[in-house]
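This is upload.cif (mmCIF, C-alpha atoms and all ligand atoms).
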data_my_file
#
loop_
_atom_site.group_PDB
_atom_site.id
_atom_site.type_symbol
_atom_site.label_atom_id
_atom_site.label_comp_id
_atom_site.auth_asym_id
_atom_site.auth_seq_id
_atom_site.Cartn_x
_atom_site.Cartn_y
_atom_site.Cartn_z
ATOM 1 C CA MET A 295 0.000 0.000 0.000
ATOM 2 C CA PRO A 296 1.206 3.520 -0.606
ATOM 3 C CA VAL A 297 2.978 5.913 1.709
ATOM 4 C CA THR A 298 1.255 9.231 0.985
ATOM 5 C CA ALA A 299 2.574 12.561 2.269
ATOM 6 C CA LEU A 300 0.300 15.597 2.508
ATOM 7 C CA VAL A 301 1.556 19.190 2.473
ATOM 8 C CA SER A 302 0.085 22.638 2.024
ATOM 9 C CA ALA A 303 1.177 26.042 0.802
ATOM 10 C CA LYS A 304 -0.630 27.544 3.758
ATOM 11 C CA SER A 305 -3.081 25.976 6.212
ATOM 12 C CA ALA A 306 -5.505 24.330 3.788
ATOM 13 C CA GLY A 307 -6.825 21.285 5.596
ATOM 14 C CA VAL A 308 -3.838 18.908 5.685
ATOM 15 C CA THR A 309 -4.498 17.583 9.183
ATOM 16 C CA THR A 310 -8.240 17.251 8.606
ATOM 17 C CA ALA A 311 -7.697 15.448 5.305
ATOM 18 C CA ALA A 312 -5.063 13.150 6.819
ATOM 19 C CA LEU A 313 -7.423 12.187 9.650
ATOM 20 C CA ALA A 314 -10.336 11.640 7.276
ATOM 21 C CA LEU A 315 -8.219 9.433 4.986
ATOM 22 C CA THR A 316 -6.798 7.416 7.874
ATOM 23 C CA LEU A 317 -10.204 6.834 9.459
ATOM 24 C CA ALA A 318 -11.932 6.096 6.139
ATOM 25 C CA SER A 319 -9.456 3.681 4.553
ATOM 26 C CA LYS A 320 -10.639 0.127 3.924
ATOM 27 C CA ARG A 321 -7.217 -1.115 4.957
ATOM 28 C CA PRO A 322 -5.330 -0.907 8.229
ATOM 29 C CA SER A 323 -3.972 2.609 8.336
ATOM 30 C CA LEU A 324 -1.457 4.839 10.034
ATOM 31 C CA LEU A 325 -1.345 8.593 10.353
ATOM 32 C CA ALA A 326 2.131 9.901 11.129
ATOM 33 C CA GLU A 327 1.855 13.452 12.350
ATOM 34 C CA CYS A 328 5.188 14.834 11.154
ATOM 35 C CA ASP A 329 4.444 18.561 10.851
ATOM 36 C CA PRO A 330 7.661 20.232 12.099
ATOM 37 C CA ALA A 331 5.564 23.185 13.315
ATOM 38 C CA GLY A 332 4.016 20.826 15.882
ATOM 39 C CA GLY A 333 1.096 18.425 16.024
ATOM 40 C CA THR A 334 -2.485 19.507 16.610
ATOM 41 C CA ILE A 335 -4.315 16.166 16.861
ATOM 42 C CA ARG A 336 -3.300 15.480 20.466
ATOM 43 C CA ALA A 337 -4.876 18.700 21.796
ATOM 44 C CA GLY A 338 -7.605 18.787 19.130
ATOM 45 C CA PHE A 339 -9.231 15.569 17.933
ATOM 46 C CA LEU A 340 -7.927 13.553 20.901
ATOM 47 C CA GLN A 341 -8.642 16.297 23.447
ATOM 48 C CA GLY A 342 -5.510 15.670 25.447
ATOM 49 C CA GLN A 343 -6.007 11.898 25.958
ATOM 50 C CA VAL A 344 -2.419 11.267 24.855
ATOM 51 C CA GLY A 345 0.335 12.563 27.141
ATOM 52 C CA ALA A 346 3.615 14.127 26.041
ATOM 53 C CA GLY A 347 5.377 10.841 26.873
ATOM 54 C CA TYR A 348 4.003 9.495 23.615
ATOM 55 C CA GLY A 349 4.864 10.310 20.062
ATOM 56 C CA LEU A 350 7.255 11.354 17.337
ATOM 57 C CA TYR A 351 9.751 13.253 19.461
ATOM 58 C CA HIS A 352 10.725 10.115 21.385
ATOM 59 C CA LEU A 353 11.749 8.360 18.205
ATOM 60 C CA ALA A 354 14.732 10.680 17.731
ATOM 61 C CA ALA A 355 16.470 9.260 20.810
ATOM 62 C CA ALA A 356 15.615 5.672 19.822
ATOM 63 C CA GLU A 357 17.038 6.157 16.330
ATOM 64 C CA ARG A 358 20.409 7.058 17.834
ATOM 65 C CA THR A 359 20.491 3.584 19.402
ATOM 66 C CA GLY A 360 19.860 1.760 16.104
ATOM 67 C CA SER A 361 17.241 0.765 13.552
ATOM 68 C CA ASP A 362 15.852 -2.080 15.665
ATOM 69 C CA ALA A 363 15.403 0.292 18.628
ATOM 70 C CA LEU A 364 13.681 2.761 16.351
ATOM 71 C CA ALA A 365 11.278 0.146 14.997
ATOM 72 C CA ASN A 366 10.467 -0.977 18.557
ATOM 73 C CA ALA A 367 9.935 2.571 19.778
ATOM 74 C CA PHE A 368 7.797 3.275 16.731
ATOM 75 C CA ALA A 369 5.532 0.340 17.589
ATOM 76 C CA ASN A 370 5.302 1.496 21.224
ATOM 77 C CA HIS A 371 4.449 5.089 20.384
ATOM 78 C CA LEU A 372 1.449 4.438 18.171
ATOM 79 C CA TRP A 373 -1.938 5.364 19.535
ATOM 80 C CA PRO A 374 -4.931 3.277 18.391
ATOM 81 C CA MET A 375 -7.764 5.426 17.061
ATOM 82 C CA ASP A 376 -10.326 2.607 16.996
ATOM 83 C CA GLU A 377 -11.265 -0.335 19.197
ATOM 84 C CA ALA A 378 -9.795 -2.952 16.885
ATOM 85 C CA GLY A 379 -6.498 -1.082 16.597
ATOM 86 C CA HIS A 380 -6.575 -1.019 12.796
ATOM 87 C CA ARG A 381 -6.172 2.753 12.670
ATOM 88 C CA LYS A 382 -3.123 4.123 14.371
ATOM 89 C CA LEU A 383 -1.709 7.532 15.059
ATOM 90 C CA LEU A 384 1.875 8.530 15.627
ATOM 91 C CA PRO A 385 1.222 11.742 17.605
ATOM 92 C CA GLY A 386 3.256 14.741 16.523
ATOM 93 C CA LEU A 387 5.621 17.162 18.220
ATOM 94 C CA THR A 388 4.358 19.034 21.266
ATOM 95 C CA ASP A 389 6.845 21.878 20.704
ATOM 96 C CA PRO A 390 8.149 23.144 17.337
ATOM 97 C CA ALA A 391 11.616 23.463 18.898
ATOM 98 C CA GLN A 392 11.757 19.642 18.880
ATOM 99 C CA ALA A 393 11.878 19.553 15.077
ATOM 100 C CA ALA A 394 15.628 20.133 14.874
ATOM 101 C CA ALA A 395 16.262 16.869 16.774
ATOM 102 C CA LEU A 396 14.430 14.896 14.091
ATOM 103 C CA GLY A 397 16.589 16.006 11.167
ATOM 104 C CA ARG A 398 18.603 12.802 11.164
ATOM 105 C CA THR A 399 15.680 10.567 12.179
ATOM 106 C CA TRP A 400 13.514 11.106 9.082
ATOM 107 C CA PRO A 401 15.299 8.669 6.725
ATOM 108 C CA ALA A 402 15.115 5.767 9.196
ATOM 109 C CA LEU A 403 11.548 6.655 10.092
ATOM 110 C CA SER A 404 10.646 6.643 6.423
ATOM 111 C CA GLU A 405 12.101 3.142 6.168
ATOM 112 C CA VAL A 406 9.846 1.920 9.002
ATOM 113 C CA MET A 407 6.787 3.465 7.354
ATOM 114 C CA HIS A 408 7.560 1.787 4.044
ATOM 115 C CA VAL A 409 7.979 -1.590 5.717
ATOM 116 C CA LEU A 410 4.608 -1.101 7.412
ATOM 117 C CA ALA A 411 3.061 -0.228 4.028
ATOM 118 C CA ASP A 412 4.788 -2.937 1.981
ATOM 119 C CA GLU A 413 4.902 -5.839 4.409
ATOM 120 C CA ALA A 414 1.893 -5.230 6.643
ATOM 121 C CA GLY A 415 -0.411 -3.712 3.990
ATOM 122 C CA TYR A 416 -0.961 -0.411 5.782
ATOM 123 C CA ASP A 417 -2.178 2.744 4.130
ATOM 124 C CA VAL A 418 0.318 5.244 5.529
ATOM 125 C CA PHE A 419 -0.494 8.954 5.581
ATOM 126 C CA ILE A 420 2.066 11.561 6.597
ATOM 127 C CA ASP A 421 0.944 14.989 7.783
ATOM 128 C CA ALA A 422 3.987 16.949 6.610
ATOM 129 C CA GLY A 423 2.518 20.353 7.433
ATOM 130 C CA ARG A 424 3.222 23.461 5.480
ATOM 131 C CA LEU A 425 5.912 23.614 2.812
ATOM 132 C CA ALA A 426 8.902 25.815 3.469
ATOM 133 C CA ILE A 427 11.257 26.496 0.586
ATOM 134 C CA GLU A 428 14.666 28.055 0.976
ATOM 135 C CA SER A 429 16.814 28.928 -2.054
ATOM 136 C CA GLY A 430 14.552 26.790 -4.204
ATOM 137 C CA ARG A 431 14.939 23.709 -2.000
ATOM 138 C CA LEU A 432 12.881 22.130 0.770
ATOM 139 C CA HIS A 433 13.934 23.613 4.086
ATOM 140 C CA THR A 434 15.779 20.970 6.078
ATOM 141 C CA THR A 435 14.356 21.810 9.522
ATOM 142 C CA LEU A 436 10.989 23.312 8.667
ATOM 143 C CA THR A 437 9.976 20.375 6.459
ATOM 144 C CA PRO A 438 10.472 16.615 6.909
ATOM 145 C CA ALA A 439 12.206 16.600 3.490
ATOM 146 C CA PRO A 440 13.399 12.953 3.516
ATOM 147 C CA LEU A 441 9.820 11.766 4.115
ATOM 148 C CA LEU A 442 8.683 13.689 1.036
ATOM 149 C CA HIS A 443 11.572 12.407 -1.069
ATOM 150 C CA ARG A 444 10.697 8.804 -0.343
ATOM 151 C CA ALA A 445 6.895 8.961 -0.323
ATOM 152 C CA ASP A 446 5.049 7.118 -3.094
ATOM 153 C CA LEU A 447 2.773 10.140 -3.483
ATOM 154 C CA VAL A 448 3.251 13.724 -2.348
ATOM 155 C CA LEU A 449 -0.058 15.555 -2.308
ATOM 156 C CA MET A 450 -0.331 19.279 -2.143
ATOM 157 C CA VAL A 451 -3.622 20.041 -0.390
ATOM 158 C CA VAL A 452 -5.246 23.090 -2.010
ATOM 159 C CA ARG A 453 -8.568 24.821 -1.812
ATOM 160 C CA GLY A 454 -10.302 26.020 -4.946
ATOM 161 C CA THR A 455 -9.956 29.684 -4.078
ATOM 162 C CA GLU A 456 -8.003 32.441 -5.770
ATOM 163 C CA GLN A 457 -5.880 32.993 -2.644
ATOM 164 C CA ALA A 458 -4.987 29.312 -2.348
ATOM 165 C CA LEU A 459 -4.040 28.987 -6.013
ATOM 166 C CA THR A 460 -1.972 32.158 -5.947
ATOM 167 C CA LEU A 461 0.163 30.815 -3.112
ATOM 168 C CA ALA A 462 0.344 27.248 -4.385
ATOM 169 C CA ARG A 463 1.563 28.389 -7.796
ATOM 170 C CA HIS A 464 4.916 29.427 -6.314
ATOM 171 C CA LEU A 465 5.465 26.162 -4.502
ATOM 172 C CA VAL A 466 4.444 23.545 -7.043
ATOM 173 C CA ASP A 467 7.459 24.017 -9.304
ATOM 174 C CA PRO A 468 10.171 23.920 -6.640
ATOM 175 C CA LEU A 469 8.486 20.900 -5.051
ATOM 176 C CA ARG A 470 8.302 19.060 -8.371
ATOM 177 C CA THR A 471 11.951 19.864 -9.082
ATOM 178 C CA GLU A 472 12.944 18.642 -5.638
ATOM 179 C CA LEU A 473 11.094 15.359 -6.184
ATOM 180 C CA ALA A 474 12.771 14.999 -9.595
ATOM 181 C CA ASP A 475 16.258 15.686 -8.231
ATOM 182 C CA ARG A 476 16.170 14.062 -4.813
ATOM 183 C CA GLY A 477 12.879 12.206 -4.560
ATOM 184 C CA SER A 478 11.176 9.294 -6.266
ATOM 185 C CA GLY A 479 10.389 11.363 -9.391
ATOM 186 C CA PRO A 480 8.334 14.399 -10.430
ATOM 187 C CA ASP A 481 5.229 12.286 -11.031
ATOM 188 C CA ALA A 482 5.003 11.611 -7.280
ATOM 189 C CA LEU A 483 3.409 15.054 -7.048
ATOM 190 C CA GLY A 484 -0.372 15.404 -7.166
ATOM 191 C CA LEU A 485 -3.088 17.647 -5.773
ATOM 192 C CA LEU A 486 -5.787 16.941 -3.227
ATOM 193 C CA LEU A 487 -8.520 19.505 -3.734
ATOM 194 C CA ILE A 488 -10.613 20.724 -0.802
ATOM 195 C CA GLU A 489 -13.833 21.863 -2.445
ATOM 196 C CA ASP A 490 -14.004 25.355 -1.028
ATOM 197 C CA GLY A 491 -14.161 28.213 -3.513
ATOM 198 C CA GLN A 492 -15.062 28.731 -7.101
ATOM 199 C CA TYR A 493 -12.511 26.617 -8.936
ATOM 200 C CA ARG A 494 -13.317 23.076 -10.041
ATOM 201 C CA ALA A 495 -10.833 20.229 -10.234
ATOM 202 C CA HIS A 496 -9.971 20.657 -13.920
ATOM 203 C CA GLN A 497 -9.370 24.376 -13.437
ATOM 204 C CA VAL A 498 -7.138 23.770 -10.432
ATOM 205 C CA ALA A 499 -5.195 21.116 -12.328
ATOM 206 C CA GLU A 500 -4.734 23.472 -15.237
ATOM 207 C CA ALA A 501 -3.740 26.436 -13.081
ATOM 208 C CA LEU A 502 -1.100 24.438 -11.213
ATOM 209 C CA LYS A 503 -0.145 22.134 -14.114
ATOM 210 C CA THR A 504 -0.481 19.188 -11.778
ATOM 211 C CA PRO A 505 -3.090 16.414 -11.701
ATOM 212 C CA VAL A 506 -5.837 16.491 -9.090
ATOM 213 C CA LEU A 507 -5.729 12.944 -7.731
ATOM 214 C CA ALA A 508 -8.810 13.326 -5.524
ATOM 215 C CA ALA A 509 -11.168 15.891 -4.035
ATOM 216 C CA LEU A 510 -12.731 16.201 -0.587
ATOM 217 C CA PRO A 511 -15.953 18.126 -0.015
ATOM 218 C CA TRP A 512 -16.428 21.171 2.147
ATOM 219 C CA ASP A 513 -17.998 19.609 5.247
ATOM 220 C CA PRO A 514 -17.716 21.946 8.249
ATOM 221 C CA ASP A 515 -19.451 19.648 10.771
ATOM 222 C CA THR A 516 -17.196 16.665 10.169
ATOM 223 C CA ALA A 517 -14.096 18.856 9.760
ATOM 224 C CA SER A 518 -14.834 20.595 13.038
ATOM 225 C CA TYR A 519 -15.079 17.209 14.776
ATOM 226 C CA PHE A 520 -11.645 16.253 13.370
ATOM 227 C CA THR A 521 -10.222 19.609 14.438
ATOM 228 C CA ASN A 522 -11.733 19.877 17.925
ATOM 229 C CA GLY A 523 -12.768 16.354 18.916
ATOM 230 C CA GLY A 524 -15.735 15.757 21.205
ATOM 231 C CA ARG A 525 -18.825 13.899 20.112
ATOM 232 C CA PRO A 526 -19.043 12.905 16.459
ATOM 233 C CA PRO A 527 -21.755 14.839 14.583
ATOM 234 C CA ARG A 528 -24.988 13.066 13.599
ATOM 235 C CA GLY A 529 -24.548 10.773 10.635
ATOM 236 C CA TYR A 530 -20.768 10.989 10.964
ATOM 237 C CA GLY A 531 -20.162 7.533 9.447
ATOM 238 C CA ARG A 532 -22.036 8.526 6.282
ATOM 239 C CA SER A 533 -20.762 12.117 6.188
ATOM 240 C CA PRO A 534 -19.646 13.576 2.847
ATOM 241 C CA LEU A 535 -16.088 14.016 4.102
ATOM 242 C CA LEU A 536 -15.666 10.405 5.218
ATOM 243 C CA ARG A 537 -17.357 8.938 2.158
ATOM 244 C CA HIS A 538 -15.207 10.919 -0.236
ATOM 245 C CA ALA A 539 -12.119 10.207 1.821
ATOM 246 C CA ARG A 540 -12.794 6.511 1.352
ATOM 247 C CA THR A 541 -12.967 6.964 -2.401
ATOM 248 C CA ALA A 542 -9.831 9.103 -2.273
ATOM 249 C CA THR A 543 -7.827 6.320 -0.591
ATOM 250 C CA GLU A 544 -8.715 4.062 -3.532
ATOM 251 C CA GLN A 545 -7.695 6.753 -6.017
ATOM 252 C CA PHE A 546 -4.335 7.153 -4.281
ATOM 253 C CA GLU A 547 -3.777 3.429 -4.219
ATOM 254 C CA ALA A 548 -4.479 3.266 -7.958
ATOM 255 C CA ALA A 549 -2.186 6.229 -8.693
ATOM 256 C CA ALA A 550 0.633 4.741 -6.628
ATOM 257 C CA SER A 551 0.273 1.346 -8.368
ATOM 258 C CA ARG A 552 0.444 3.034 -11.761
ATOM 259 C CA ARG A 553 3.679 4.701 -10.712
ATOM 260 C CA HIS A 554 5.121 1.420 -9.512
ATOM 261 C CA ILE A 555 4.294 -0.287 -12.791
ATOM 262 C CA GLN A 556 5.678 2.552 -14.912
ATOM 263 C CA GLN A 557 8.844 2.896 -12.904
ATOM 264 C CA GLN A 558 9.397 -0.809 -12.404
ATOM 265 C CA TYR A 559 10.893 -0.105 -9.018
ATOM 266 C CA PRO A 560 13.422 -2.623 -7.883
ATOM 267 C CA PRO A 561 11.953 -4.368 -4.838
ATOM 268 C CA ARG A 562 13.060 -2.716 -1.616
ATOM 269 C CA PRO A 563 15.681 -4.749 0.180
ATOM 270 C CA ALA A 564 13.912 -6.599 2.974
ATOM 271 C CA ASN A 565 14.921 -5.743 6.500
ATOM 272 C CA PRO A 566 14.007 -8.819 8.552
ATOM 273 C CA GLN A 567 14.500 -7.118 11.945
ATOM 274 C CA LEU A 568 12.181 -4.321 11.017
ATOM 275 C CA ALA A 569 9.614 -6.650 9.508
ATOM 276 C CA GLY A 570 9.631 -8.753 12.714
ATOM 277 C CA VAL A 571 8.893 -5.769 14.918
ATOM 278 C CA LEU A 572 6.109 -4.656 12.646
ATOM 279 C CA GLN A 573 4.664 -8.149 12.711
ATOM 280 C CA ARG A 574 4.482 -7.874 16.509
ATOM 281 C CA LEU A 575 2.877 -4.497 16.100
ATOM 282 C CA SER A 576 0.154 -5.926 13.871
ATOM 283 C CA GLU A 577 -0.514 -8.645 16.429
ATOM 284 C CA LYS A 578 -0.708 -6.119 19.261
ATOM 285 C CA GLY A 579 -3.886 -4.718 17.768
ATOM 286 C CA GLY A 580 -5.809 -2.281 19.913
ATOM 287 C CA SER A 581 -3.897 -2.472 23.205
ATOM 288 C CA ARG A 582 -2.910 1.009 24.333
ATOM 289 C CA GLY A 583 0.726 1.088 25.375
HETATM 290 N N1 LIG B 601 -13.092 19.703 4.125
HETATM 291 C C1 LIG B 601 -13.273 20.663 5.029
HETATM 292 N N2 LIG B 601 -14.499 21.211 5.202
HETATM 293 C C2 LIG B 601 -14.680 22.202 6.103
HETATM 294 N N3 LIG B 601 -13.710 22.708 6.893
HETATM 295 C C3 LIG B 601 -12.472 22.201 6.765
HETATM 296 C C4 LIG B 601 -12.181 21.165 5.834
HETATM 297 N N4 LIG B 601 -10.867 20.855 5.943
HETATM 298 C C5 LIG B 601 -10.373 21.650 6.901
HETATM 299 N N5 LIG B 601 -11.321 22.461 7.404
HETATM 300 C C6 LIG B 601 -11.152 23.439 8.491
HETATM 301 O O1 LIG B 601 -10.077 24.317 8.144
HETATM 302 C C7 LIG B 601 -9.274 24.614 9.279
HETATM 303 C C8 LIG B 601 -7.814 24.220 9.001
HETATM 304 O O2 LIG B 601 -7.766 22.822 8.822
HETATM 305 P P1 LIG B 601 -6.486 21.951 9.202
HETATM 306 O O3 LIG B 601 -6.775 20.558 8.787
HETATM 307 O O4 LIG B 601 -6.079 22.186 10.612
HETATM 308 O O5 LIG B 601 -5.424 22.607 8.206
HETATM 309 P P2 LIG B 601 -3.814 22.468 8.163
HETATM 310 O O6 LIG B 601 -3.440 21.195 8.838
HETATM 311 O O7 LIG B 601 -3.488 22.495 6.699
HETATM 312 O O8 LIG B 601 -3.308 23.668 8.888
HETATM 313 C C9 LIG B 601 -9.893 23.851 10.456
HETATM 314 O O9 LIG B 601 -10.730 24.720 11.162
HETATM 315 C C10 LIG B 601 -10.719 22.750 9.788
HETATM 316 O O10 LIG B 601 -11.814 22.330 10.571
HETATM 317 MG MG MG B 602 -2.152 20.811 10.415
#

Is it possible to give me this structure as structure tokens?
Ligand SMILES: Nc1ncnc2c1ncn2[C@@H]1O[C@H](COP(=O)(O)OP(=O)(O)O)[C@@H](O)[C@H]1O
Ligand SMILES: [Mg+2]
Amino acid sequence: MPVTALVSAKSAGVTTAALALTLASKRPSLLAECDPAGGTIRAGFLQGQVGAGYGLYHLAAAERTGSDALANAFANHLWPMDEAGHRKLLPGLTDPAQAAALGRTWPALSEVMHVLADEAGYDVFIDAGRLAIESGRLHTTLTPAPLLHRADLVLMVVRGTEQALTLARHLVDPLRTELADRGSGPDALGLLLIEDGQYRAHQVAEALKTPVLAALPWDPDTASYFTNGGRPPRGYGRSPLLRHARTATEQFEAAASRRHIQQQYPPRPANPQLAGVLQRLSEKGGSRG
């Protein structure tokens, strides 16, 4: 299954979309909250249920011990978002100052995510926050650049408004160039349209010269639940946002498979240690901690 990274030009709905996709997927799924500006799900959707002892920041120290330690810590820092434990969250940073410590952790973390996707069949979604470009390149502290380089799909989340398109226009080209030069190829880049504003998918695709791989509806009730937590709104399970998110996960899977076929990727070298830990993780199911 694909590892899909979501980014924005400016707050557009990345976290909301990532939650919707993770909760709607037909497959086991993981949301890795890797926004260097700090995570919002812990205080928002989860309303403080998860303490600061949990999450992404702790993986930096584990990575320094070795890849097996990282894989173990990764498994121990996932928070189940459903009873069965099929939908997991890696909670994000509690303080943006922590981002610098993760600079050298991203490549190994990416490896773990790909093993989870390839060997355990997870749909992996990365909340990569807002893009920051410096001298035409991805900023090394303000973005989790290695996660974007290695993702099967990198989706720029945009709204169909004039303001959103104006900002996104300046970021699409440097991002595509970065993926061509240092990533898995320029065709990893796609758009996820949030249907707010006057522009339709074909117009957005044309304006940004990038394919729209899926669209999510404007759905304030469901989005507000994902942003603030609390009680799910009436009819949540059949809400427009969740239903379209489910379709979107299929569209991403299809787009990622097309890329794999076209590129004829060499199979990733198996890492038996990592795969073993992830096997244990799958068996652990819904137990918290
Ligand atoms: N599809 C949507 N429909 C309605 N409101 C949305 C939608 N997506 C996001 N929002 C709202 O927009 C705001 C920003 O969303 P968020 O996901 O936090 O953006 P980002 O992570 O890009 O900063 C939040 O108040 C959220 O509830
Ligand atoms: Mg966010």

Non-local contacts of A:Arg381 (8 Å; all atoms listed in the file; under 4 positions in same chain excluded) as a PyMOL selection string: chain A and resi 316-317+322-325+374-376

Where does chain A meet ligand LIG 601 (chain B) within 6 Å, residue by residue, with the nearest atom pair and distance in Å to one decimal for each, counting all atoms listed in the file, listed by chain and rising number, as a Markdown table?
| residue | atom | partner | partner_atom | distance |
| --- | --- | --- | --- | --- |
| A:Ser302 | CA | B:LIG601 | O7 | 5.9 |
| A:Ser305 | CA | B:LIG601 | O7 | 3.5 |
| A:Ala306 | CA | B:LIG601 | O7 | 4.0 |
| A:Gly307 | CA | B:LIG601 | O5 | 3.2 |
| A:Val308 | CA | B:LIG601 | O7 | 3.7 |
| A:Thr309 | CA | B:LIG601 | O3 | 3.8 |
| A:Thr310 | CA | B:LIG601 | O3 | 3.6 |
| A:Ile488 | CA | B:LIG601 | N1 | 5.6 |
| A:Leu510 | CA | B:LIG601 | N1 | 5.9 |
| A:Pro511 | CA | B:LIG601 | N1 | 5.3 |
| A:Trp512 | CA | B:LIG601 | N2 | 3.6 |
| A:Asp513 | CA | B:LIG601 | N2 | 3.8 |
| A:Pro514 | CA | B:LIG601 | C2 | 3.7 |
| A:Ala517 | CA | B:LIG601 | O10 | 4.2 |
| A:Ser518 | CA | B:LIG601 | O10 | 4.3 |
| A:Thr521 | CA | B:LIG601 | O10 | 5.0 |

What would the file look like if the residues just selected were written as a PDB file, keeping the file's coordinate frame with C-alpha atoms?
ATOM      1  CA  SER A 302       0.085  22.638   2.024  1.00  0.00           C
ATOM      2  CA  SER A 305      -3.081  25.976   6.212  1.00  0.00           C
ATOM      3  CA  ALA A 306      -5.505  24.330   3.788  1.00  0.00           C
ATOM      4  CA  GLY A 307      -6.825  21.285   5.596  1.00  0.00           C
ATOM      5  CA  VAL A 308      -3.838  18.908   5.685  1.00  0.00           C
ATOM      6  CA  THR A 309      -4.498  17.583   9.183  1.00  0.00           C
ATOM      7  CA  THR A 310      -8.240  17.251   8.606  1.00  0.00           C
ATOM      8  CA  ILE A 488     -10.613  20.724  -0.802  1.00  0.00           C
ATOM      9  CA  LEU A 510     -12.731  16.201  -0.587  1.00  0.00           C
ATOM     10  CA  PRO A 511     -15.953  18.126  -0.015  1.00  0.00           C
ATOM     11  CA  TRP A 512     -16.428  21.171   2.147  1.00  0.00           C
ATOM     12  CA  ASP A 513     -17.998  19.609   5.247  1.00  0.00           C
ATOM     13  CA  PRO A 514     -17.716  21.946   8.249  1.00  0.00           C
ATOM     14  CA  ALA A 517     -14.096  18.856   9.760  1.00  0.00           C
ATOM     15  CA  SER A 518     -14.834  20.595  13.038  1.00  0.00           C
ATOM     16  CA  THR A 521     -10.222  19.609  14.438  1.00  0.00           C
TER      17      THR A 521
END

Between atom CA of A:Leu387 and atom CA of A:Asp329 lies a distance of 7.6 Å

### Message
Which residues, named as in the file, does the PyMOL selection byres (((not hetatm)) within 12 of (chain B and resi 602)) pick out? Answer as a ChimeraX atom specification.
### Response
/A:300-313,326-339,386-387,420-425,451,520-521

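Each of A:Asp389, A:His464, A:Arg398, A:Tyr416 was checked against A:Ala439 using only C-alpha atoms; the smallest atom-to-atom distance is that of A:Arg398.
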
Between atom CA of A:Thr437 and atom CA of A:Gly415 lies a distance of 26.3 Å

Here atom CA of A:Ala499 and atom CA of A:Phe546 stand apart by 16.1 Å

If you count all atoms listed in the file, the residue of A:Thr434, A:Leu315, A:Met295, A:His371 closest to A:Thr541 turns out to be A:Leu315

request  = Could you tell me which residues the PyMOL selection byres (((chain A and resi 430) around 10) and not hetatm) grabs in this file, written as a list of chain:residue names?
outcome  = A:Ala426, A:Ile427, A:Glu428, A:Ser429, A:Arg431, A:Leu432, A:His433, A:Leu465, A:Asp467, A:Pro468, A:Leu469, A:Thr471, A:Glu472

Could you give me stretch 425-434 of chain A completed to N, CA, C and O atoms, formatted as a JSON list (two decimals), in the coordinates of the input?
[["chain", "number", "residue", "atom", "x", "y", "z"],
["A", 425, "LEU", "N", 4.63, 23.62, 3.52],
["A", 425, "LEU", "CA", 5.91, 23.61, 2.81],
["A", 425, "LEU", "C", 6.73, 24.85, 3.17],
["A", 425, "LEU", "O", 6.18, 25.95, 3.28],
["A", 426, "ALA", "N", 8.01, 24.66, 3.31],
["A", 426, "ALA", "CA", 8.90, 25.82, 3.47],
["A", 426, "ALA", "C", 10.04, 25.62, 2.49],
["A", 426, "ALA", "O", 10.71, 24.56, 2.50],
["A", 427, "ILE", "N", 10.22, 26.59, 1.62],
["A", 427, "ILE", "CA", 11.26, 26.50, 0.59],
["A", 427, "ILE", "C", 12.32, 27.54, 0.88],
["A", 427, "ILE", "O", 12.00, 28.68, 1.22],
["A", 428, "GLU", "N", 13.56, 27.12, 0.76],
["A", 428, "GLU", "CA", 14.67, 28.06, 0.98],
["A", 428, "GLU", "C", 15.65, 27.88, -0.17],
["A", 428, "GLU", "O", 16.09, 26.76, -0.43],
["A", 429, "SER", "N", 15.94, 28.97, -0.87],
["A", 429, "SER", "CA", 16.81, 28.93, -2.05],
["A", 429, "SER", "C", 16.37, 27.83, -3.03],
["A", 429, "SER", "O", 17.19, 27.07, -3.53],
["A", 430, "GLY", "N", 15.08, 27.73, -3.23],
["A", 430, "GLY", "CA", 14.55, 26.79, -4.20],
["A", 430, "GLY", "C", 14.51, 25.34, -3.75],
["A", 430, "GLY", "O", 14.15, 24.45, -4.51],
["A", 431, "ARG", "N", 14.91, 25.09, -2.50],
["A", 431, "ARG", "CA", 14.94, 23.71, -2.00],
["A", 431, "ARG", "C", 14.05, 23.59, -0.76],
["A", 431, "ARG", "O", 13.81, 24.56, -0.07],
["A", 432, "LEU", "N", 13.64, 22.34, -0.46],
["A", 432, "LEU", "CA", 12.88, 22.13, 0.77],
["A", 432, "LEU", "C", 13.75, 22.48, 1.97],
["A", 432, "LEU", "O", 14.92, 22.06, 2.04],
["A", 433, "HIS", "N", 13.20, 23.24, 2.88],
["A", 433, "HIS", "CA", 13.93, 23.61, 4.09],
["A", 433, "HIS", "C", 14.21, 22.36, 4.92],
["A", 433, "HIS", "O", 13.32, 21.53, 5.11],
["A", 434, "THR", "N", 15.42, 22.24, 5.43],
["A", 434, "THR", "CA", 15.78, 20.97, 6.08],
["A", 434, "THR", "C", 15.25, 20.84, 7.51],
["A", 434, "THR", "O", 15.13, 19.72, 8.01]]
